[in-house]
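A.B. asks: I'm passing along model.pdb; it holds PDB, C-alpha atoms and all ligand atoms.
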```pdb
ATOM      1  CA  MET A 199      12.323  42.269 -37.724  1.00  0.00           C
ATOM      2  CA  SER A 200      13.136  45.924 -37.122  1.00  0.00           C
ATOM      3  CA  GLU A 201      13.851  47.318 -33.692  1.00  0.00           C
ATOM      4  CA  GLY A 202      10.466  49.034 -33.500  1.00  0.00           C
ATOM      5  CA  GLN A 203       8.465  45.864 -34.185  1.00  0.00           C
ATOM      6  CA  LEU A 204       7.593  43.326 -31.503  1.00  0.00           C
ATOM      7  CA  PRO A 205       6.351  39.758 -31.963  1.00  0.00           C
ATOM      8  CA  SER A 206       2.595  39.335 -31.553  1.00  0.00           C
ATOM      9  CA  ASN A 207       3.044  37.011 -28.546  1.00  0.00           C
ATOM     10  CA  VAL A 208       5.293  39.426 -26.664  1.00  0.00           C
ATOM     11  CA  HIS A 209       2.775  39.576 -23.814  1.00  0.00           C
ATOM     12  CA  VAL A 210       3.241  35.809 -23.336  1.00  0.00           C
ATOM     13  CA  LEU A 211       7.010  35.907 -23.501  1.00  0.00           C
ATOM     14  CA  LYS A 212       7.357  38.895 -21.225  1.00  0.00           C
ATOM     15  CA  PRO A 213       4.952  38.743 -18.286  1.00  0.00           C
ATOM     16  CA  ARG A 214       4.396  41.942 -16.415  1.00  0.00           C
ATOM     17  CA  THR A 215       7.039  42.156 -13.706  1.00  0.00           C
ATOM     18  CA  MET A 216       7.309  45.926 -13.362  1.00  0.00           C
ATOM     19  CA  SER A 217       4.787  47.878 -11.372  1.00  0.00           C
ATOM     20  CA  LEU A 218       3.857  51.224 -12.924  1.00  0.00           C
ATOM     21  CA  SER A 219       1.488  52.346 -10.239  1.00  0.00           C
ATOM     22  CA  ASP A 220      -0.688  50.907  -7.480  1.00  0.00           C
ATOM     23  CA  ARG A 221      -3.849  52.020  -9.247  1.00  0.00           C
ATOM     24  CA  LEU A 222      -2.811  50.294 -12.488  1.00  0.00           C
ATOM     25  CA  ASP A 223      -1.950  47.085 -10.579  1.00  0.00           C
ATOM     26  CA  LEU A 224      -5.367  47.147  -8.916  1.00  0.00           C
ATOM     27  CA  PHE A 225      -7.074  47.699 -12.270  1.00  0.00           C
ATOM     28  CA  LEU A 226      -5.211  44.753 -13.868  1.00  0.00           C
ATOM     29  CA  GLU A 227      -5.985  42.417 -10.971  1.00  0.00           C
ATOM     30  CA  LYS A 228      -9.651  43.396 -10.912  1.00  0.00           C
ATOM     31  CA  ASN A 229     -10.000  42.759 -14.614  1.00  0.00           C
ATOM     32  CA  ALA A 230      -8.155  39.404 -14.457  1.00  0.00           C
ATOM     33  CA  LEU A 231      -5.298  40.702 -16.519  1.00  0.00           C
ATOM     34  CA  ALA A 232      -2.559  40.097 -13.964  1.00  0.00           C
ATOM     35  CA  PRO A 233      -0.352  37.069 -14.778  1.00  0.00           C
ATOM     36  CA  ASP A 234      -1.731  34.996 -11.859  1.00  0.00           C
ATOM     37  CA  GLU A 235      -5.262  35.455 -13.130  1.00  0.00           C
ATOM     38  CA  THR A 236      -4.550  34.582 -16.743  1.00  0.00           C
ATOM     39  CA  LEU A 237      -3.485  30.974 -15.997  1.00  0.00           C
ATOM     40  CA  VAL A 238      -5.442  28.341 -17.904  1.00  0.00           C
ATOM     41  CA  ARG A 239      -8.128  26.893 -15.703  1.00  0.00           C
ATOM     42  CA  ARG A 240      -8.157  23.105 -15.266  1.00  0.00           C
ATOM     43  CA  ASP A 241     -10.983  21.031 -16.696  1.00  0.00           C
ATOM     44  CA  PRO A 242     -12.899  19.950 -13.552  1.00  0.00           C
ATOM     45  CA  THR A 243     -13.939  16.651 -15.191  1.00  0.00           C
ATOM     46  CA  ARG A 244     -10.271  15.654 -15.644  1.00  0.00           C
ATOM     47  CA  PRO A 245      -7.917  14.454 -12.881  1.00  0.00           C
ATOM     48  CA  LYS A 246      -5.407  16.825 -11.399  1.00  0.00           C
ATOM     49  CA  ALA A 247      -1.923  16.584 -12.932  1.00  0.00           C
ATOM     50  CA  PRO A 248       0.467  15.453 -11.691  1.00  0.00           C
ATOM     51  CA  GLY A 249      -1.329  13.007  -9.406  1.00  0.00           C
ATOM     52  CA  ILE A 250      -1.314   9.342  -8.512  1.00  0.00           C
ATOM     53  CA  ASN A 251      -4.808   9.006  -9.904  1.00  0.00           C
ATOM     54  CA  ALA A 252      -3.925  10.419 -13.319  1.00  0.00           C
ATOM     55  CA  ILE A 253      -2.428   9.227 -16.568  1.00  0.00           C
ATOM     56  CA  ARG A 254      -1.705  11.293 -19.670  1.00  0.00           C
ATOM     57  CA  CYS A 255      -3.386   9.798 -22.722  1.00  0.00           C
ATOM     58  CA  ALA A 256      -0.775   9.056 -25.404  1.00  0.00           C
ATOM     59  CA  CYS A 257      -3.342   9.756 -28.116  1.00  0.00           C
ATOM     60  CA  CYS A 258      -4.977  13.088 -27.206  1.00  0.00           C
ATOM     61  CA  GLY A 259      -2.463  14.291 -24.584  1.00  0.00           C
ATOM     62  CA  GLN A 260      -5.211  14.961 -22.002  1.00  0.00           C
ATOM     63  CA  MET A 261      -5.081  13.796 -18.403  1.00  0.00           C
ATOM     64  CA  GLU A 262      -7.434  10.927 -17.653  1.00  0.00           C
ATOM     65  CA  TYR A 263      -8.387   8.919 -14.560  1.00  0.00           C
ATOM     66  CA  LEU A 264      -6.141   5.923 -14.028  1.00  0.00           C
ATOM     67  CA  THR A 265      -9.091   3.640 -13.298  1.00  0.00           C
ATOM     68  CA  ARG A 266     -10.697   4.299 -16.688  1.00  0.00           C
ATOM     69  CA  GLU A 267     -10.091   1.565 -19.227  1.00  0.00           C
ATOM     70  CA  TYR A 268     -10.586   3.908 -22.182  1.00  0.00           C
ATOM     71  CA  CYS A 269      -9.824   7.621 -22.556  1.00  0.00           C
ATOM     72  CA  ARG A 270     -12.647   9.920 -23.588  1.00  0.00           C
ATOM     73  CA  CYS A 271     -11.013  10.051 -27.036  1.00  0.00           C
ATOM     74  CA  GLY A 272     -11.356   6.255 -27.328  1.00  0.00           C
ATOM     75  CA  HIS A 273      -7.699   5.391 -26.701  1.00  0.00           C
ATOM     76  CA  TYR A 274      -7.140   2.108 -24.790  1.00  0.00           C
ATOM     77  CA  LEU A 275      -5.611   3.447 -21.572  1.00  0.00           C
ATOM     78  CA  LEU A 276      -5.272   0.064 -19.863  1.00  0.00           C
ATOM     79  CA  GLY A 277      -3.081  -1.102 -22.741  1.00  0.00           C
ATOM     80  CA  GLN A 278      -0.960   2.053 -22.418  1.00  0.00           C
ATOM     81  CA  LEU A 279      -0.578   1.403 -18.688  1.00  0.00           C
ATOM     82  CA  GLU A 280       0.361  -2.248 -19.336  1.00  0.00           C
ATOM     83  CA  ASP A 281       3.015  -1.071 -21.792  1.00  0.00           C
ATOM     84  CA  GLU A 282       4.346   1.291 -19.103  1.00  0.00           C
ATOM     85  CA  PHE A 283       4.400  -1.649 -16.660  1.00  0.00           C
ATOM     86  CA  LEU A 284       6.400  -3.859 -19.062  1.00  0.00           C
ATOM     87  CA  GLU A 285       8.791  -0.971 -19.747  1.00  0.00           C
ATOM     88  CA  TRP A 286       9.214  -0.414 -15.980  1.00  0.00           C
ATOM     89  CA  LYS A 287       9.884  -4.143 -15.473  1.00  0.00           C
ATOM     90  CA  ASP A 288      12.448  -4.178 -18.307  1.00  0.00           C
ATOM     91  CA  GLY A 289      14.110  -1.072 -16.817  1.00  0.00           C
ATOM     92  CA  LEU A 290      14.410  -2.794 -13.433  1.00  0.00           C
ATOM     93  CA  LYS A 291      15.842  -5.909 -15.098  1.00  0.00           C
ATOM     94  CA  ARG A 292      18.413  -3.884 -17.035  1.00  0.00           C
ATOM     95  CA  ALA A 293      19.370  -1.927 -13.900  1.00  0.00           C
ATOM     96  CA  SER A 294      19.754  -5.182 -11.963  1.00  0.00           C
ATOM     97  CA  GLU A 295      21.986  -6.639 -14.689  1.00  0.00           C
ATOM     98  CA  ASP A 296      24.158  -3.497 -14.625  1.00  0.00           C
ATOM     99  CA  ILE A 297      24.435  -3.679 -10.836  1.00  0.00           C
ATOM    100  CA  ALA A 298      25.307  -7.405 -11.049  1.00  0.00           C
ATOM    101  CA  GLU A 299      28.106  -6.646 -13.507  1.00  0.00           C
ATOM    102  CA  THR A 300      29.512  -3.809 -11.379  1.00  0.00           C
ATOM    103  CA  THR A 301      29.245  -5.973  -8.245  1.00  0.00           C
ATOM    104  CA  GLU A 302      31.124  -8.827  -9.926  1.00  0.00           C
ATOM    105  CA  GLN A 303      33.975  -6.462 -10.893  1.00  0.00           C
ATOM    106  CA  ARG A 304      34.169  -5.069  -7.356  1.00  0.00           C
ATOM    107  CA  LEU A 305      34.050  -8.540  -5.815  1.00  0.00           C
ATOM    108  CA  ARG A 306      36.957  -9.646  -7.997  1.00  0.00           C
ATOM    109  CA  ALA A 307      38.992  -6.709  -6.638  1.00  0.00           C
ATOM    110  CA  VAL A 308      37.958  -7.501  -3.041  1.00  0.00           C
ATOM    111  CA  ARG A 309      38.903 -11.187  -3.426  1.00  0.00           C
ATOM    112  CA  LEU A 310      42.236 -10.173  -4.898  1.00  0.00           C
ATOM    113  CA  MET A 311      42.798  -7.949  -1.874  1.00  0.00           C
ATOM    114  CA  SER A 312      41.947 -10.906   0.396  1.00  0.00           C
ATOM    115  CA  LEU A 313      44.958 -12.714  -1.024  1.00  0.00           C
ATOM    116  CA  VAL A 314      47.110 -10.133   0.777  1.00  0.00           C
ATOM    117  CA  SER A 315      46.140 -11.843   4.047  1.00  0.00           C
ATOM    118  CA  MET A 316      47.382 -15.250   2.918  1.00  0.00           C
ATOM    119  CA  PRO A 317      51.127 -14.760   3.617  1.00  0.00           C
ATOM    120  CA  PHE A 318      50.296 -13.579   7.157  1.00  0.00           C
ATOM    121  CA  ILE A 319      48.379 -16.805   7.865  1.00  0.00           C
ATOM    122  CA  VAL A 320      50.267 -19.302   5.732  1.00  0.00           C
ATOM    123  CA  ALA A 321      53.815 -18.254   6.676  1.00  0.00           C
ATOM    124  CA  PRO A 322      53.519 -19.066  10.429  1.00  0.00           C
ATOM    125  CA  LEU A 323      51.815 -22.376   9.610  1.00  0.00           C
ATOM    126  CA  LEU A 324      54.602 -23.412   7.243  1.00  0.00           C
ATOM    127  CA  TYR A 325      57.134 -22.372   9.853  1.00  0.00           C
ATOM    128  CA  PHE A 326      55.557 -24.707  12.462  1.00  0.00           C
ATOM    129  CA  VAL A 327      55.255 -27.579  10.007  1.00  0.00           C
ATOM    130  CA  PHE A 328      58.876 -27.474   8.970  1.00  0.00           C
ATOM    131  CA  ASN A 329      60.580 -26.372  12.198  1.00  0.00           C
ATOM    132  CA  ARG A 330      58.212 -27.813  14.835  1.00  0.00           C
ATOM    133  CA  SER A 331      59.184 -24.963  17.074  1.00  0.00           C
ATOM    134  CA  GLU A 332      57.114 -23.250  19.744  1.00  0.00           C
ATOM    135  CA  ILE A 333      54.469 -20.663  18.966  1.00  0.00           C
ATOM    136  CA  THR A 334      56.093 -17.244  18.989  1.00  0.00           C
ATOM    137  CA  ILE A 335      54.522 -13.854  19.541  1.00  0.00           C
ATOM    138  CA  TYR A 336      55.475 -12.946  15.950  1.00  0.00           C
ATOM    139  CA  ALA A 337      53.495 -15.926  14.620  1.00  0.00           C
ATOM    140  CA  ILE A 338      50.441 -14.951  16.671  1.00  0.00           C
ATOM    141  CA  MET A 339      50.683 -11.338  15.500  1.00  0.00           C
ATOM    142  CA  SER A 340      51.109 -12.390  11.895  1.00  0.00           C
ATOM    143  CA  THR A 341      48.053 -14.676  12.051  1.00  0.00           C
ATOM    144  CA  ALA A 342      46.036 -11.950  13.773  1.00  0.00           C
ATOM    145  CA  ILE A 343      46.893  -9.460  11.008  1.00  0.00           C
ATOM    146  CA  GLY A 344      45.908 -12.027   8.365  1.00  0.00           C
ATOM    147  CA  VAL A 345      42.575 -12.763  10.072  1.00  0.00           C
ATOM    148  CA  MET A 346      41.948  -9.020  10.491  1.00  0.00           C
ATOM    149  CA  ILE A 347      42.486  -8.407   6.767  1.00  0.00           C
ATOM    150  CA  LEU A 348      40.118 -11.294   5.955  1.00  0.00           C
ATOM    151  CA  GLY A 349      37.519  -9.828   8.332  1.00  0.00           C
ATOM    152  CA  VAL A 350      37.717  -6.381   6.720  1.00  0.00           C
ATOM    153  CA  MET A 351      37.408  -7.950   3.267  1.00  0.00           C
ATOM    154  CA  ALA A 352      34.351  -9.989   4.378  1.00  0.00           C
ATOM    155  CA  ILE A 353      32.657  -6.798   5.607  1.00  0.00           C
ATOM    156  CA  THR A 354      33.601  -5.024   2.356  1.00  0.00           C
ATOM    157  CA  GLU A 355      32.179  -7.949   0.338  1.00  0.00           C
ATOM    158  CA  ALA A 356      28.865  -7.786   2.219  1.00  0.00           C
ATOM    159  CA  HIS A 357      28.738  -4.012   1.622  1.00  0.00           C
ATOM    160  CA  VAL A 358      29.525  -4.422  -2.102  1.00  0.00           C
ATOM    161  CA  CYS A 359      26.744  -7.041  -2.489  1.00  0.00           C
ATOM    162  CA  LYS A 360      24.106  -4.902  -0.748  1.00  0.00           C
ATOM    163  CA  PRO A 361      22.836  -2.967  -3.838  1.00  0.00           C
ATOM    164  CA  LEU A 362      22.596  -6.223  -5.816  1.00  0.00           C
ATOM    165  CA  ARG A 363      20.543  -7.874  -3.083  1.00  0.00           C
ATOM    166  CA  ALA A 364      18.205  -4.848  -2.958  1.00  0.00           C
ATOM    167  CA  SER A 365      17.870  -4.807  -6.729  1.00  0.00           C
ATOM    168  CA  LYS A 366      17.071  -8.554  -6.864  1.00  0.00           C
ATOM    169  CA  ALA A 367      14.491  -8.167  -4.103  1.00  0.00           C
ATOM    170  CA  LEU A 368      12.855  -5.330  -6.060  1.00  0.00           C
ATOM    171  CA  LEU A 369      12.834  -7.432  -9.226  1.00  0.00           C
ATOM    172  CA  GLU A 370      11.185 -10.342  -7.405  1.00  0.00           C
ATOM    173  CA  ASN A 371       8.458  -8.027  -6.118  1.00  0.00           C
ATOM    174  CA  CYS A 372       7.717  -6.128  -9.301  1.00  0.00           C
ATOM    175  CA  THR A 373       4.007  -6.832  -9.371  1.00  0.00           C
ATOM    176  CA  TRP A 374       1.275  -4.723 -10.948  1.00  0.00           C
ATOM    177  CA  GLN A 375       0.375  -3.319  -7.528  1.00  0.00           C
ATOM    178  CA  HIS A 376       4.000  -2.449  -6.851  1.00  0.00           C
ATOM    179  CA  PHE A 377       4.189  -0.699 -10.214  1.00  0.00           C
ATOM    180  CA  LEU A 378       1.116   1.416  -9.437  1.00  0.00           C
ATOM    181  CA  GLU A 379       2.622   2.338  -6.079  1.00  0.00           C
ATOM    182  CA  SER A 380       5.979   3.195  -7.635  1.00  0.00           C
ATOM    183  CA  ARG A 381       4.233   5.608 -10.034  1.00  0.00           C
ATOM    184  CA  SER A 382       3.258   7.674  -7.019  1.00  0.00           C
ATOM    185  CA  TRP A 383       6.739   7.836  -5.529  1.00  0.00           C
ATOM    186  CA  PRO A 384       8.013  11.420  -5.340  1.00  0.00           C
ATOM    187  CA  GLY A 385      10.041  12.149  -8.434  1.00  0.00           C
ATOM    188  CA  ASN A 386       8.234   9.482 -10.462  1.00  0.00           C
ATOM    189  CA  ILE A 387       4.956  11.343 -10.717  1.00  0.00           C
ATOM    190  CA  SER A 388       6.079  13.922 -13.240  1.00  0.00           C
ATOM    191  CA  GLU A 389       8.212  11.340 -15.029  1.00  0.00           C
ATOM    192  CA  ASN A 390       5.262   8.982 -15.466  1.00  0.00           C
ATOM    193  CA  LEU A 391       2.651  11.499 -16.253  1.00  0.00           C
ATOM    194  CA  ASP A 392       4.359  13.968 -18.544  1.00  0.00           C
TER
HETATM  195 ZN    ZN B 401      -7.206  10.460 -25.061  1.00  0.00          ZN
END
```
Could you show the structure in this file as structure tokens?

C.D. replies:
Amino acid sequence: MSEGQLPSNVHVLKPRTMSLSDRLDLFLEKNALAPDETLVRRDPTRPKAPGINAIRCACCGQMEYLTREYCRCGHYLLGQLEDEFLEWKDGLKRASEDIAETTEQRLRAVRLMSLVSMPFIVAPLLYFVFNRSEITIYAIMSTAIGVMILGVMAITEAHVCKPLRASKALLENCTWQHFLESRSWPGNISENLD
């Protein structure tokens, strides 16, 4: 293509952003030639997209009401929605398995760290057993440090297990109704409908 030639769809690629004069702007707006006016108007018999009430037909690509069993093109929309539901359920299951694996790895590390507390607790005990001496301030301090480490590790363990508990709860409640609600969550609308 030479420098002088422009593609036929140049008006689509390069919307008018520069104002030549107020009179020209007024003329373009009046005659529906301004970019805002040239947008494709939505079919009023179709649901608004994206929306919680809408589903994009996999066959014709048109938006259709979620409550309709069949699209106007004849495609079985309920089946498409059921497929989406099974896919969503599988996705949750896979995510839960991933979280379980990560949690197990983290828990192993936490339990290993808990072993650090053992010498602080076991050493004073062994000392009493073998020497039968009186309780010293060092023994009390050592036991206190050991118990403190165990306490911190218990809190860490509960924190590490939190996402897994949430994920399992979600998996137990993944009903059809829950799926329909999750489609309308912000961020899921475009994902589900596009
Ligand atoms: Zn269709």

A.B. asks: Write out as number ranges by chain each polymer residue (protein, DNA or RNA) that has an atom no more than 10 Å from ligand ZN 401 (chain B), with only C-alpha atoms and all ligand atoms counted.

C.D. replies: A: 253-262, 268-275

A.B. asks: Include C-alpha atoms and write out the residues we just selected as a PDB file, in the coordinates of the input.

C.D. replies:
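Output file result11.pdb follows:
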```pdb
ATOM      1  CA  ILE A 253      -2.428   9.227 -16.568  1.00  0.00           C
ATOM      2  CA  ARG A 254      -1.705  11.293 -19.670  1.00  0.00           C
ATOM      3  CA  CYS A 255      -3.386   9.798 -22.722  1.00  0.00           C
ATOM      4  CA  ALA A 256      -0.775   9.056 -25.404  1.00  0.00           C
ATOM      5  CA  CYS A 257      -3.342   9.756 -28.116  1.00  0.00           C
ATOM      6  CA  CYS A 258      -4.977  13.088 -27.206  1.00  0.00           C
ATOM      7  CA  GLY A 259      -2.463  14.291 -24.584  1.00  0.00           C
ATOM      8  CA  GLN A 260      -5.211  14.961 -22.002  1.00  0.00           C
ATOM      9  CA  MET A 261      -5.081  13.796 -18.403  1.00  0.00           C
ATOM     10  CA  GLU A 262      -7.434  10.927 -17.653  1.00  0.00           C
ATOM     11  CA  TYR A 268     -10.586   3.908 -22.182  1.00  0.00           C
ATOM     12  CA  CYS A 269      -9.824   7.621 -22.556  1.00  0.00           C
ATOM     13  CA  ARG A 270     -12.647   9.920 -23.588  1.00  0.00           C
ATOM     14  CA  CYS A 271     -11.013  10.051 -27.036  1.00  0.00           C
ATOM     15  CA  GLY A 272     -11.356   6.255 -27.328  1.00  0.00           C
ATOM     16  CA  HIS A 273      -7.699   5.391 -26.701  1.00  0.00           C
ATOM     17  CA  TYR A 274      -7.140   2.108 -24.790  1.00  0.00           C
ATOM     18  CA  LEU A 275      -5.611   3.447 -21.572  1.00  0.00           C
TER      19      LEU A 275
END
```

A.B. asks: Could you make a table, as a Markdown table, of the residues of region 254-306 of chain A that have an atom within 7 Å of an atom of region 359-383 of chain A, each with its nearest atom pair and distance in Å to one decimal, counting all atoms listed in the file, in chain and number order?

C.D. replies:
```
| residue | atom | partner | partner_atom | distance |
| --- | --- | --- | --- | --- |
| A:Phe283 | CA | A:Phe377 | CA | 6.5 |
| A:Lys287 | CA | A:Cys372 | CA | 6.8 |
| A:Leu290 | CA | A:Leu369 | CA | 6.5 |
| A:Lys291 | CA | A:Leu369 | CA | 6.8 |
| A:Ser294 | CA | A:Ser365 | CA | 5.6 |
| A:Ile297 | CA | A:Leu362 | CA | 5.9 |
| A:Ala298 | CA | A:Leu362 | CA | 6.0 |
| A:Thr301 | CA | A:Cys359 | CA | 6.4 |
```

A.B. asks: Tell me, in Å to one decimal, how far CA of Val358 (chain A) is from CA of Gly344 (chain A).

C.D. replies: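 Computing it gives 20.9 Å between the two atoms.
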
A.B. asks: For the structure provided, state which residues fall under the PyMOL selection byres (((chain A and resi 314) around 12) and not hetatm), and present them as a ChimeraX atom specification.

C.D. replies: /A:307-313,315-320,343-348,350-351

A.B. asks: Adding 4 Å on each side of the box along x, y and z that holds all listed atoms of region 261-277 of chain A, could you give its centre and edge lengths in Å to one decimal, as AutoDock Vina command-line options?

C.D. replies:
```
--center_x -7.9 --center_y 6.3 --center_z -20.3 --size_x 17.6 --size_y 22.9 --size_z 22.0
```

A.B. asks: Would you mind completing region 345-377 of chain A to N, CA and C atoms and writing the output as a CSV table (one decimal), keeping the file's coordinate frame?

C.D. replies:
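Dumped to rebuild_3.csv:
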```
chain,number,residue,atom,x,y,z
A,345,VAL,N,44.0,-12.6,9.8
A,345,VAL,CA,42.6,-12.8,10.1
A,345,VAL,C,41.8,-11.4,10.0
A,346,MET,N,42.5,-10.4,10.5
A,346,MET,CA,41.9,-9.0,10.5
A,346,MET,C,41.7,-8.6,9.0
A,347,ILE,N,42.7,-8.8,8.2
A,347,ILE,CA,42.5,-8.4,6.8
A,347,ILE,C,41.3,-9.2,6.2
A,348,LEU,N,41.2,-10.5,6.5
A,348,LEU,CA,40.1,-11.3,6.0
A,348,LEU,C,38.8,-10.8,6.5
A,349,GLY,N,38.8,-10.4,7.7
A,349,GLY,CA,37.5,-9.8,8.3
A,349,GLY,C,37.1,-8.6,7.6
A,350,VAL,N,38.0,-7.7,7.4
A,350,VAL,CA,37.7,-6.4,6.7
A,350,VAL,C,37.2,-6.7,5.3
A,351,MET,N,37.8,-7.6,4.6
A,351,MET,CA,37.4,-8.0,3.3
A,351,MET,C,36.0,-8.6,3.2
A,352,ALA,N,35.7,-9.4,4.3
A,352,ALA,CA,34.4,-10.0,4.4
A,352,ALA,C,33.3,-8.9,4.6
A,353,ILE,N,33.6,-7.9,5.4
A,353,ILE,CA,32.7,-6.8,5.6
A,353,ILE,C,32.5,-6.0,4.3
A,354,THR,N,33.6,-5.8,3.6
A,354,THR,CA,33.6,-5.0,2.4
A,354,THR,C,32.8,-5.8,1.3
A,355,GLU,N,32.9,-7.1,1.3
A,355,GLU,CA,32.2,-7.9,0.3
A,355,GLU,C,30.7,-7.8,0.6
A,356,ALA,N,30.3,-7.9,1.9
A,356,ALA,CA,28.9,-7.8,2.2
A,356,ALA,C,28.3,-6.4,1.8
A,357,HIS,N,29.1,-5.4,2.0
A,357,HIS,CA,28.7,-4.0,1.6
A,357,HIS,C,28.6,-3.9,0.1
A,358,VAL,N,29.5,-4.5,-0.6
A,358,VAL,CA,29.5,-4.4,-2.1
A,358,VAL,C,28.3,-5.1,-2.7
A,359,CYS,N,27.9,-6.2,-2.0
A,359,CYS,CA,26.7,-7.0,-2.5
A,359,CYS,C,25.4,-6.4,-2.1
A,360,LYS,N,25.4,-5.5,-1.2
A,360,LYS,CA,24.1,-4.9,-0.7
A,360,LYS,C,23.2,-4.4,-1.9
A,361,PRO,N,23.7,-3.5,-2.8
A,361,PRO,CA,22.8,-3.0,-3.8
A,361,PRO,C,22.3,-4.1,-4.7
A,362,LEU,N,23.1,-5.1,-5.0
A,362,LEU,CA,22.6,-6.2,-5.8
A,362,LEU,C,21.5,-7.0,-5.1
A,363,ARG,N,21.6,-7.2,-3.8
A,363,ARG,CA,20.5,-7.9,-3.1
A,363,ARG,C,19.2,-7.1,-3.1
A,364,ALA,N,19.4,-5.7,-2.9
A,364,ALA,CA,18.2,-4.8,-3.0
A,364,ALA,C,17.6,-4.9,-4.3
A,365,SER,N,18.4,-4.8,-5.4
A,365,SER,CA,17.9,-4.8,-6.7
A,365,SER,C,17.2,-6.1,-7.1
A,366,LYS,N,17.7,-7.3,-6.6
A,366,LYS,CA,17.1,-8.6,-6.9
A,366,LYS,C,15.7,-8.7,-6.1
A,367,ALA,N,15.7,-8.1,-4.9
A,367,ALA,CA,14.5,-8.2,-4.1
A,367,ALA,C,13.4,-7.3,-4.8
A,368,LEU,N,13.8,-6.2,-5.4
A,368,LEU,CA,12.9,-5.3,-6.1
A,368,LEU,C,12.3,-6.0,-7.3
A,369,LEU,N,13.2,-6.7,-8.0
A,369,LEU,CA,12.8,-7.4,-9.2
A,369,LEU,C,11.9,-8.6,-8.9
A,370,GLU,N,12.1,-9.2,-7.8
A,370,GLU,CA,11.2,-10.3,-7.4
A,370,GLU,C,9.8,-9.8,-7.0
A,371,ASN,N,9.7,-8.6,-6.6
A,371,ASN,CA,8.5,-8.0,-6.1
A,371,ASN,C,7.8,-7.1,-7.1
A,372,CYS,N,8.2,-7.1,-8.4
A,372,CYS,CA,7.7,-6.1,-9.3
A,372,CYS,C,6.4,-6.6,-9.8
A,373,THR,N,5.4,-6.5,-9.0
A,373,THR,CA,4.0,-6.8,-9.4
A,373,THR,C,3.3,-5.6,-9.9
A,374,TRP,N,2.1,-5.8,-10.4
A,374,TRP,CA,1.3,-4.7,-10.9
A,374,TRP,C,1.0,-3.7,-9.9
A,375,GLN,N,0.7,-4.2,-8.7
A,375,GLN,CA,0.4,-3.3,-7.5
A,375,GLN,C,1.6,-2.5,-7.2
A,376,HIS,N,2.8,-3.1,-7.2
A,376,HIS,CA,4.0,-2.4,-6.9
A,376,HIS,C,4.3,-1.4,-7.9
A,377,PHE,N,4.0,-1.7,-9.1
A,377,PHE,CA,4.2,-0.7,-10.2
A,377,PHE,C,3.3,0.5,-10.0
```
